[in-house]
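Visitor: Submitted below is the structure of interest, expressed as structure tokens.
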Amino acid sequence: MSSLALRKAAPAAGTTPGTAQGPPLRRRIALVPTVTLLLGAVYTLLPVAWVVIASTKSGHELFSTFTFLPGTGFTGNLKDLDAYRGGIYWEWMGNSALYAGLGAVLSTAVSAFSGYALATYRFRGRETMFNVLLAGVLMPPVILAIPQYLLLAKADLTDSYLSVLLPQILSPYGVYLSRIYAAAAVPADVVEAGRMDGAGEWRIFTRIALPMMIPGMVTVFLFQFVAVWNNFLLPYIMLSDDERFPLTLGLYTLLEQGANTPALYTLVITGAFLAVLPLIALFLVVQRFWSLDLLSGAVKS
Amino acid sequence: MPHTKRRRLVTTAVAVSLGATTLAACGSEDGGKAESGPVSLTYWTWAPGMDKVVDLWNKGPGRKDRITVTVKKQASGDTLVTKILTAHKAKKAPDLVQAEYQALPTLVSNDALADISREVGDVKGRFADGVWQQTTLGTDAVYAVPQDIGPMMFYYRADLFKKYGLKVPATWEQFAETARALKKKAPDKDLTTFSANDSGLFAGLAQQAGAKWWTTSGDKWKVAIDDAATRKVARFWGGLVKEGVVDNQPMYTPAWNKALDTGKQIAWVSAVWAPGTLTTAAPDTKGKWAMAPLPQWSLDQDVTGSWGGSSTAVTTDSAHQAAAAKFAAWLNTDGDALNALAKESGIYPASTSAQLSGAFSNPPAYFSNQADFYTKAAEIAKTTAPSAWGPNVNVAYTSFKDAFGAAAKDRSDFGAALRKMQDDTVADMTKQGFEVSR
């Protein structure tokens, strides 16, 4: 239902004023999607608003004052969070940034290489390989965490930064997206022309193909960054030293401290609020690369 | 596959009874080896401030014995058991783990915990029998050293009880009458709530009534979740919920906190750790609560259940089991260690001598009005009924949350929910390959 409405919304929003449909028809079509989108926005933004407001409440106000009434405890919460076990929260933040940042860069690089190769070269087993990848896309990463743990345990790599980084470098979805994108954005003629002019394959990839693939790669990077930033089970299984924990895991330990210690709600809420900020900042910064839509690269060339 | 599990349980018991002498023989070599060089151990625990307690060991007895312990802080709960078992599958479990009592059979039946009876057997006398029995699983082996316990108690708003002319109930029958009396005097208030989101509460109440959910005879398990005692408890609470004299909303939600803080709910069946929870849940009512023993099923009884509590166990993956057991014994019986545990981690010690020691001479700040809080608590702790945990407590608990959660919400038949819990548990054990007698 909503997907139908969304599909209708796209042309309506894209049409320049005064063309195509007459005013009555347009208004009728625009009402349903607008309401749907607004409802969707409220549905997704309400929890965010809750976190923002709850993070301003002191422990005392958290459960006693009206839900959407801002409290007075924000700076106090920040101070408490900063002081908690010598500022371990910032270590978790740094770890998350490392896992997500480095992990997403490496994963994007691998996706770009393999996606380009799959799209440009014809070799035996290409389709089989791609189909296996497609199966990988359908496989939820959650069920792989324990086998990956057992595998890395054999290599003696568990409880290390690598144990969280390595499994997330290969992203089947990233490779899949890169292939589709490379196939659409990098015309075979361009690659052929490069070869005629005597450029090596590496040069063609880095100088010609990669710039054309940038918007797609930004998408892969963002997807992967968000996926790693929010990942819970893999680091949970892999890590036992809480100085290597990412934010998700660190905040979880604040909630589950055993029966005799109450959950540190205010710290967790403030911590969750701060954990969203880097993601928002990232989206805002990267948006300009992204707004070139998926096809513009191909049209330009 | 089905056979291995069954054999493992039997083997454990047999190995312990038959192999006591051989174990002792090769064990002494072990002990000699442990002291010959520096040993470093890792310890998975969720107790806050445990690193500070462990520092005492590393600077004191640990330095002398050259045994260094490193704390790796974890999140508590069933997920930690899964994590330990996963690590154990790769032979990488830490030397020491904190484990709730009800998780011990799961860990033992997966061969994850070492028998440390030889190293810690002499500390048995420091604990109440009912507590110690949970770490032996009824065998001659010892799989853990008790750390903290959660004897159950009745908490109530002393001021509001006075206001409404209510008496502290000594029996469950009086408890029901108190709930009705309050409903009559203040229809918008509830005595308490029946919450299905923490199975430990119901398990503790059943334990008080005399239920033994898991027992073994020979090489077979017997599951008695749907037994007379538990049925009595389920019928009692189901009746109160249906009658509408207690609330049916879950605990630990913002709404529940608010209900406690504003006096909409005026009592809570909980355990010795309740002051900590109340401090954050109901900060405005500090000093207005009081603690009393749990109501009894008949007046000539004096028994309570337990809700929560945990132990320190040594894993079979540890290369230094003797050293690890030595630390576990120190942590849970040494006076300084227990004092630090009480101060840093806020635990209520399993060790009986520590229950009245320095850290517990004053009541918790939230109960400053009840000077004898910990004296009373120690007396109540002595009356804890023995408990009987099995290898799939997590499954039973999940089933409880689903079945009783739905029954409480609809105010429907708790008996049917209990039968479902029994069936789910037995089905899972059979699936796992345990022999279950019908």
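Naming scheme: A, B, ... for chains in displayed order of the structure tokens; residues 1 onward per chain; ligands 1 onward as shown.
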Return as a PyMOL selection string the residues belonging to chain A that are within 9 Å of chain B, counting only C-alpha atoms.
Guide: chain A and resi 59-60+62-64+85+146+149-151+153-154+158+236-238+240-243+249-250+252-265
Visitor: Name all residues at most 8 Å from Val426 of chain B (count only C-alpha atoms; drop same-chain ones fewer than 3 positions away) and give them as a PDB file with C-alpha atoms, in the first residue's frame.
Guide:
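This is the output file out.pdb:
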ATOM      1  CA  VAL B 223      10.482 -31.709  34.982  1.00  0.00           C
ATOM      2  CA  GLN B 422       5.917 -27.308  31.293  1.00  0.00           C
ATOM      3  CA  ASP B 423       5.331 -28.641  27.777  1.00  0.00           C
ATOM      4  CA  MET B 429      14.953 -31.007  26.661  1.00  0.00           C
ATOM      5  CA  THR B 430      13.870 -33.968  24.558  1.00  0.00           C
ATOM      6  CA  VAL B 436      13.079 -36.936  30.453  1.00  0.00           C
TER       7      VAL B 436
END
Visitor: Excluding Phe175 of chain B and any residue of its chain fewer than 3 positions from it, enumerate the residues within 12 Å of it, using only C-alpha atoms, and give them as a list in words.
Guide: Phe154, Tyr156, Leu166, Lys167, Val168, Pro169, Ala170, Thr171, Trp172, Thr178, Ala179, Arg180, Ala181, Leu182, Leu191, Thr192, Phe236, Trp237, Leu240, Val245, Val246, Ala267, Trp268, Val269, Leu294, Pro295, Gln296 and Trp297 of chain B
Visitor: Save the residues we just selected, N, CA and C atoms, as a PDB file, in the first residue's frame?
Guide:
ATOM      1  N   PHE B 154       9.253  -8.846  51.209  1.00  0.00           N
ATOM      2  CA  PHE B 154       8.069  -8.063  50.877  1.00  0.00           C
ATOM      3  C   PHE B 154       8.359  -6.592  51.199  1.00  0.00           C
ATOM      4  N   TYR B 156       6.983  -2.610  51.187  1.00  0.00           N
ATOM      5  CA  TYR B 156       5.710  -1.882  51.162  1.00  0.00           C
ATOM      6  C   TYR B 156       5.913  -0.446  51.603  1.00  0.00           C
ATOM      7  N   LEU B 166      -3.871  -0.603  56.638  1.00  0.00           N
ATOM      8  CA  LEU B 166      -3.562  -1.966  56.201  1.00  0.00           C
ATOM      9  C   LEU B 166      -2.506  -2.574  57.110  1.00  0.00           C
ATOM     10  N   LYS B 167      -2.618  -3.893  57.280  1.00  0.00           N
ATOM     11  CA  LYS B 167      -1.602  -4.586  58.074  1.00  0.00           C
ATOM     12  C   LYS B 167      -0.652  -5.313  57.136  1.00  0.00           C
ATOM     13  N   VAL B 168       0.606  -5.435  57.562  1.00  0.00           N
ATOM     14  CA  VAL B 168       1.572  -6.153  56.734  1.00  0.00           C
ATOM     15  C   VAL B 168       1.177  -7.629  56.708  1.00  0.00           C
ATOM     16  N   PRO B 169       0.926  -8.186  55.528  1.00  0.00           N
ATOM     17  CA  PRO B 169       0.421  -9.557  55.465  1.00  0.00           C
ATOM     18  C   PRO B 169       1.476 -10.583  55.866  1.00  0.00           C
ATOM     19  N   ALA B 170       1.060 -11.531  56.712  1.00  0.00           N
ATOM     20  CA  ALA B 170       1.974 -12.597  57.120  1.00  0.00           C
ATOM     21  C   ALA B 170       1.753 -13.838  56.270  1.00  0.00           C
ATOM     22  N   THR B 171       0.573 -13.962  55.701  1.00  0.00           N
ATOM     23  CA  THR B 171       0.301 -15.106  54.823  1.00  0.00           C
ATOM     24  C   THR B 171      -0.169 -14.575  53.477  1.00  0.00           C
ATOM     25  N   TRP B 172      -0.151 -15.462  52.496  1.00  0.00           N
ATOM     26  CA  TRP B 172      -0.599 -15.049  51.168  1.00  0.00           C
ATOM     27  C   TRP B 172      -2.098 -14.762  51.174  1.00  0.00           C
ATOM     28  N   THR B 178      -5.460  -7.938  51.868  1.00  0.00           N
ATOM     29  CA  THR B 178      -4.897  -6.582  51.865  1.00  0.00           C
ATOM     30  C   THR B 178      -5.130  -5.924  50.511  1.00  0.00           C
ATOM     31  N   ALA B 179      -4.905  -6.711  49.431  1.00  0.00           N
ATOM     32  CA  ALA B 179      -5.104  -6.167  48.089  1.00  0.00           C
ATOM     33  C   ALA B 179      -6.557  -5.738  47.899  1.00  0.00           C
ATOM     34  N   ARG B 180      -7.481  -6.580  48.387  1.00  0.00           N
ATOM     35  CA  ARG B 180      -8.912  -6.256  48.248  1.00  0.00           C
ATOM     36  C   ARG B 180      -9.280  -5.036  49.083  1.00  0.00           C
ATOM     37  N   ALA B 181      -8.746  -5.000  50.312  1.00  0.00           N
ATOM     38  CA  ALA B 181      -9.072  -3.889  51.205  1.00  0.00           C
ATOM     39  C   ALA B 181      -8.613  -2.568  50.597  1.00  0.00           C
ATOM     40  N   LEU B 182      -7.412  -2.604  49.992  1.00  0.00           N
ATOM     41  CA  LEU B 182      -6.896  -1.368  49.390  1.00  0.00           C
ATOM     42  C   LEU B 182      -7.778  -0.946  48.221  1.00  0.00           C
ATOM     43  N   LEU B 191      -2.232  -2.815  45.153  1.00  0.00           N
ATOM     44  CA  LEU B 191      -1.232  -3.246  46.121  1.00  0.00           C
ATOM     45  C   LEU B 191       0.097  -3.464  45.397  1.00  0.00           C
ATOM     46  N   THR B 192       0.040  -4.210  44.304  1.00  0.00           N
ATOM     47  CA  THR B 192       1.238  -4.451  43.510  1.00  0.00           C
ATOM     48  C   THR B 192       0.802  -4.896  42.119  1.00  0.00           C
ATOM     49  N   PHE B 236      -3.128 -18.607  42.575  1.00  0.00           N
ATOM     50  CA  PHE B 236      -3.250 -17.479  43.502  1.00  0.00           C
ATOM     51  C   PHE B 236      -3.121 -16.145  42.756  1.00  0.00           C
ATOM     52  N   TRP B 237      -2.040 -16.000  41.972  1.00  0.00           N
ATOM     53  CA  TRP B 237      -1.808 -14.729  41.285  1.00  0.00           C
ATOM     54  C   TRP B 237      -2.798 -14.542  40.144  1.00  0.00           C
ATOM     55  N   LEU B 240      -5.942 -13.179  41.625  1.00  0.00           N
ATOM     56  CA  LEU B 240      -5.858 -11.754  41.992  1.00  0.00           C
ATOM     57  C   LEU B 240      -5.931 -10.865  40.751  1.00  0.00           C
ATOM     58  N   VAL B 245      -7.676  -6.992  41.587  1.00  0.00           N
ATOM     59  CA  VAL B 245      -7.190  -6.322  42.795  1.00  0.00           C
ATOM     60  C   VAL B 245      -5.677  -6.100  42.767  1.00  0.00           C
ATOM     61  N   VAL B 246      -4.989  -6.749  41.848  1.00  0.00           N
ATOM     62  CA  VAL B 246      -3.605  -6.327  41.583  1.00  0.00           C
ATOM     63  C   VAL B 246      -3.504  -5.997  40.098  1.00  0.00           C
ATOM     64  N   ALA B 267       3.206  -1.631  47.086  1.00  0.00           N
ATOM     65  CA  ALA B 267       4.028  -2.724  47.608  1.00  0.00           C
ATOM     66  C   ALA B 267       4.707  -3.423  46.446  1.00  0.00           C
ATOM     67  N   TRP B 268       5.771  -4.172  46.782  1.00  0.00           N
ATOM     68  CA  TRP B 268       6.497  -4.897  45.750  1.00  0.00           C
ATOM     69  C   TRP B 268       7.084  -6.161  46.360  1.00  0.00           C
ATOM     70  N   VAL B 269       6.744  -7.275  45.782  1.00  0.00           N
ATOM     71  CA  VAL B 269       7.372  -8.538  46.170  1.00  0.00           C
ATOM     72  C   VAL B 269       8.704  -8.591  45.437  1.00  0.00           C
ATOM     73  N   LEU B 294       8.630 -12.321  53.388  1.00  0.00           N
ATOM     74  CA  LEU B 294       7.639 -12.682  52.387  1.00  0.00           C
ATOM     75  C   LEU B 294       6.438 -13.330  53.091  1.00  0.00           C
ATOM     76  N   PRO B 295       5.217 -13.053  52.635  1.00  0.00           N
ATOM     77  CA  PRO B 295       4.068 -13.766  53.204  1.00  0.00           C
ATOM     78  C   PRO B 295       4.257 -15.276  53.044  1.00  0.00           C
ATOM     79  N   GLN B 296       3.672 -16.054  53.970  1.00  0.00           N
ATOM     80  CA  GLN B 296       3.848 -17.510  53.957  1.00  0.00           C
ATOM     81  C   GLN B 296       2.572 -18.199  53.483  1.00  0.00           C
ATOM     82  N   TRP B 297       2.699 -19.444  53.068  1.00  0.00           N
ATOM     83  CA  TRP B 297       1.507 -20.186  52.654  1.00  0.00           C
ATOM     84  C   TRP B 297       0.731 -20.698  53.849  1.00  0.00           C
TER      85      TRP B 297
END
Visitor: So which residues touch Trp229 of chain A within 7 Å, counting only C-alpha atoms, skipping near sequence neighbours fewer than 4 positions away, as a list of chain:residue names?
Guide: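 Residues near the query, excluding close chain neighbours: A:Ser96, A:Ala100, A:Phe225.
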Visitor: Dump C-alpha atoms for the selected residues as a PDB file, in the first residue's frame?
Guide:
ATOM      1  CA  SER A  96      32.990   2.509  16.866  1.00  0.00           C
ATOM      2  CA  ALA A 100      32.820   1.732  11.100  1.00  0.00           C
ATOM      3  CA  PHE A 225      29.255   2.547   7.810  1.00  0.00           C
TER       4      PHE A 225
END
Visitor: Using DSSP on the backbone coordinates, identify all residues within segment 43-252 of chain B classified as strand (DSSP E); present the result as a PyMOL selection string.
Guide: chain B and resi 43-45+67-73+96-100+145-157+214-217+220-223
Visitor: For the residues in that selection, give me C-alpha atoms as a PDB file, in the first residue's frame.
Guide:
ATOM      1  CA  TYR B  43      37.597 -13.221  34.506  1.00  0.00           C
ATOM      2  CA  TRP B  44      34.273 -12.438  32.815  1.00  0.00           C
ATOM      3  CA  THR B  45      31.953 -10.626  35.182  1.00  0.00           C
ATOM      4  CA  ILE B  67      48.462 -15.177  40.251  1.00  0.00           C
ATOM      5  CA  THR B  68      47.229 -12.099  38.388  1.00  0.00           C
ATOM      6  CA  VAL B  69      43.560 -11.747  37.502  1.00  0.00           C
ATOM      7  CA  THR B  70      42.261  -9.476  34.731  1.00  0.00           C
ATOM      8  CA  VAL B  71      38.610  -8.432  34.710  1.00  0.00           C
ATOM      9  CA  LYS B  72      36.772  -8.301  31.398  1.00  0.00           C
ATOM     10  CA  LYS B  73      33.465  -6.661  32.078  1.00  0.00           C
ATOM     11  CA  LEU B  96      36.791 -17.549  35.481  1.00  0.00           C
ATOM     12  CA  VAL B  97      33.190 -16.618  34.798  1.00  0.00           C
ATOM     13  CA  GLN B  98      30.398 -15.108  36.826  1.00  0.00           C
ATOM     14  CA  ALA B  99      27.301 -17.266  36.427  1.00  0.00           C
ATOM     15  CA  GLU B 100      23.799 -17.076  37.825  1.00  0.00           C
ATOM     16  CA  VAL B 145      31.667 -20.692  44.635  1.00  0.00           C
ATOM     17  CA  PRO B 146      28.556 -18.738  45.652  1.00  0.00           C
ATOM     18  CA  GLN B 147      28.989 -14.980  45.411  1.00  0.00           C
ATOM     19  CA  ASP B 148      25.713 -13.189  46.000  1.00  0.00           C
ATOM     20  CA  ILE B 149      22.200 -14.263  46.800  1.00  0.00           C
ATOM     21  CA  GLY B 150      18.749 -12.762  46.411  1.00  0.00           C
ATOM     22  CA  PRO B 151      16.499 -13.917  49.273  1.00  0.00           C
ATOM     23  CA  MET B 152      12.981 -12.668  48.584  1.00  0.00           C
ATOM     24  CA  MET B 153      11.180 -10.158  50.749  1.00  0.00           C
ATOM     25  CA  PHE B 154       8.069  -8.063  50.877  1.00  0.00           C
ATOM     26  CA  TYR B 155       8.489  -4.315  50.400  1.00  0.00           C
ATOM     27  CA  TYR B 156       5.710  -1.882  51.162  1.00  0.00           C
ATOM     28  CA  ARG B 157       5.022   1.813  51.594  1.00  0.00           C
ATOM     29  CA  TRP B 214      14.079 -29.947  37.714  1.00  0.00           C
ATOM     30  CA  THR B 215      15.274 -33.091  39.437  1.00  0.00           C
ATOM     31  CA  THR B 216      17.247 -36.123  38.335  1.00  0.00           C
ATOM     32  CA  SER B 217      16.803 -39.747  39.189  1.00  0.00           C
ATOM     33  CA  LYS B 220      16.740 -39.237  33.680  1.00  0.00           C
ATOM     34  CA  TRP B 221      15.527 -35.724  34.257  1.00  0.00           C
ATOM     35  CA  LYS B 222      12.161 -35.012  35.761  1.00  0.00           C
ATOM     36  CA  VAL B 223      10.482 -31.709  34.982  1.00  0.00           C
TER      37      VAL B 223
END
Visitor: As number ranges by chain, please: the residues near segment 321-338 of chain B (cut-off 9 Å, only C-alpha atoms, same-chain neighbours under 6 positions excluded).
Guide: B: 27, 30-31, 34-35, 39, 41, 53-54, 56-57, 61-62, 65, 67, 69, 95-96, 114, 116, 118-120, 123, 126, 144-148, 311-315, 347, 349-351, 353-354, 357, 359
Visitor: With N, CA and C atoms retained, write the just-selected residues as a compact mmCIF listing (two decimals), in the first residue's frame.
Guide:
# COMPACT_ATOMS: atom_id res chain seq x y z
N GLY B 27 45.74 -34.31 40.90
CA GLY B 27 45.47 -32.93 41.26
C GLY B 27 46.64 -32.30 41.98
N ASP B 30 49.05 -30.87 39.75
CA ASP B 30 48.50 -29.62 39.22
C ASP B 30 48.83 -28.45 40.12
N GLY B 31 48.55 -28.65 41.39
CA GLY B 31 48.76 -27.58 42.37
C GLY B 31 50.22 -27.17 42.37
N ALA B 34 50.98 -25.04 39.35
CA ALA B 34 50.39 -23.71 39.38
C ALA B 34 51.27 -22.73 40.16
N GLU B 35 51.92 -23.23 41.19
CA GLU B 35 52.70 -22.32 42.01
C GLU B 35 54.10 -22.10 41.46
N VAL B 39 51.10 -16.82 36.97
CA VAL B 39 49.90 -17.25 36.25
C VAL B 39 49.05 -16.02 36.00
N LEU B 41 45.19 -14.86 34.80
CA LEU B 41 43.85 -15.38 34.58
C LEU B 41 42.94 -14.28 34.06
N VAL B 53 37.89 -4.57 43.12
CA VAL B 53 37.98 -5.67 44.07
C VAL B 53 39.14 -6.59 43.68
N VAL B 54 39.26 -6.83 42.39
CA VAL B 54 40.32 -7.73 41.91
C VAL B 54 41.69 -7.10 42.15
N LEU B 56 42.61 -5.64 44.76
CA LEU B 56 43.00 -6.04 46.11
C LEU B 56 43.73 -7.38 46.07
N TRP B 57 43.21 -8.27 45.24
CA TRP B 57 43.83 -9.60 45.09
C TRP B 57 45.20 -9.46 44.43
N PRO B 61 47.13 -11.12 48.13
CA PRO B 61 47.41 -12.56 48.04
C PRO B 61 47.87 -12.99 46.64
N GLY B 62 47.35 -12.31 45.62
CA GLY B 62 47.70 -12.68 44.26
C GLY B 62 49.17 -12.44 43.97
N ASP B 65 51.17 -15.24 45.57
CA ASP B 65 51.08 -16.51 44.83
C ASP B 65 51.44 -16.36 43.36
N ILE B 67 49.65 -14.92 41.06
CA ILE B 67 48.46 -15.18 40.25
C ILE B 67 47.80 -13.82 39.97
N VAL B 69 44.88 -11.59 38.11
CA VAL B 69 43.56 -11.75 37.50
C VAL B 69 43.20 -10.48 36.74
N ASP B 95 39.27 -18.01 32.11
CA ASP B 95 39.51 -18.92 33.23
C ASP B 95 38.36 -18.91 34.22
N LEU B 96 37.84 -17.69 34.48
CA LEU B 96 36.79 -17.55 35.48
C LEU B 96 35.58 -16.86 34.87
N ALA B 114 34.62 -26.55 35.36
CA ALA B 114 35.48 -27.54 35.98
C ALA B 114 34.99 -27.86 37.38
N ILE B 116 35.74 -28.10 40.99
CA ILE B 116 36.79 -27.53 41.84
C ILE B 116 36.61 -27.98 43.29
N ARG B 118 38.02 -30.14 45.07
CA ARG B 118 39.25 -30.35 45.84
C ARG B 118 39.82 -29.03 46.35
N GLU B 119 39.71 -27.99 45.53
CA GLU B 119 40.31 -26.71 45.91
C GLU B 119 39.41 -25.89 46.84
N VAL B 120 38.10 -25.99 46.65
CA VAL B 120 37.23 -25.08 47.41
C VAL B 120 36.32 -25.83 48.39
N VAL B 123 35.48 -24.46 51.95
CA VAL B 123 34.75 -23.21 52.23
C VAL B 123 33.24 -23.46 52.32
N ARG B 126 31.00 -21.83 54.93
CA ARG B 126 30.76 -20.40 54.95
C ARG B 126 29.40 -20.02 54.36
N ALA B 144 31.13 -24.20 41.34
CA ALA B 144 31.26 -22.75 41.49
C ALA B 144 31.29 -22.42 42.97
N VAL B 145 31.73 -21.18 43.26
CA VAL B 145 31.67 -20.69 44.64
C VAL B 145 30.58 -19.62 44.68
N PRO B 146 29.64 -19.73 45.60
CA PRO B 146 28.56 -18.74 45.65
C PRO B 146 29.10 -17.34 45.89
N GLN B 147 28.56 -16.36 45.20
CA GLN B 147 28.99 -14.98 45.41
C GLN B 147 27.90 -14.16 46.08
N ASP B 148 26.79 -13.96 45.39
CA ASP B 148 25.71 -13.19 46.00
C ASP B 148 24.41 -13.96 45.91
N SER B 311 27.34 -16.78 41.07
CA SER B 311 28.48 -17.50 41.62
C SER B 311 29.71 -17.27 40.74
N THR B 312 30.87 -17.68 41.23
CA THR B 312 32.10 -17.60 40.46
C THR B 312 32.52 -19.01 40.09
N ALA B 313 32.68 -19.26 38.80
CA ALA B 313 33.00 -20.62 38.35
C ALA B 313 34.31 -20.63 37.58
N VAL B 314 34.94 -21.80 37.56
CA VAL B 314 36.19 -22.00 36.81
C VAL B 314 35.85 -22.85 35.59
N THR B 315 36.38 -22.48 34.42
CA THR B 315 36.02 -23.21 33.21
C THR B 315 36.97 -24.37 32.96
N ILE B 347 26.75 -5.86 46.04
CA ILE B 347 26.15 -7.19 46.11
C ILE B 347 25.76 -7.53 47.54
N PRO B 349 26.14 -10.51 49.99
CA PRO B 349 27.03 -11.68 49.93
C PRO B 349 26.32 -12.98 50.28
N ALA B 350 26.76 -14.05 49.63
CA ALA B 350 26.25 -15.38 49.94
C ALA B 350 26.87 -15.88 51.23
N SER B 351 28.10 -15.45 51.50
CA SER B 351 28.82 -15.88 52.69
C SER B 351 28.10 -15.38 53.94
N SER B 353 28.88 -15.17 57.08
CA SER B 353 29.58 -14.33 58.04
C SER B 353 29.63 -12.89 57.54
N ALA B 354 29.60 -12.69 56.22
CA ALA B 354 29.71 -11.34 55.68
C ALA B 354 28.39 -10.58 55.73
N SER B 357 28.64 -8.18 58.46
CA SER B 357 29.93 -7.52 58.65
C SER B 357 29.81 -6.02 58.43
N ALA B 359 30.18 -3.72 56.20
CA ALA B 359 29.45 -3.05 55.13
C ALA B 359 27.94 -3.11 55.35
Visitor: Hey, which of A:Val35, A:Ala199, A:Leu78, A:Ile214 ends up closest to Thr56 of chain A? Count only C-alpha atoms.
Guide: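 For Thr56 of chain A, the nearest of the candidates is A:Leu78.
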Visitor: Measuring between only C-alpha atoms, which one of A:Ser58, A:Tyr173, A:Gly87, A:Arg207 shows the shortest distance to Gly73 of chain A?
Guide: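 With only C-alpha atoms as the atom set, the closest residue is A:Ser58.
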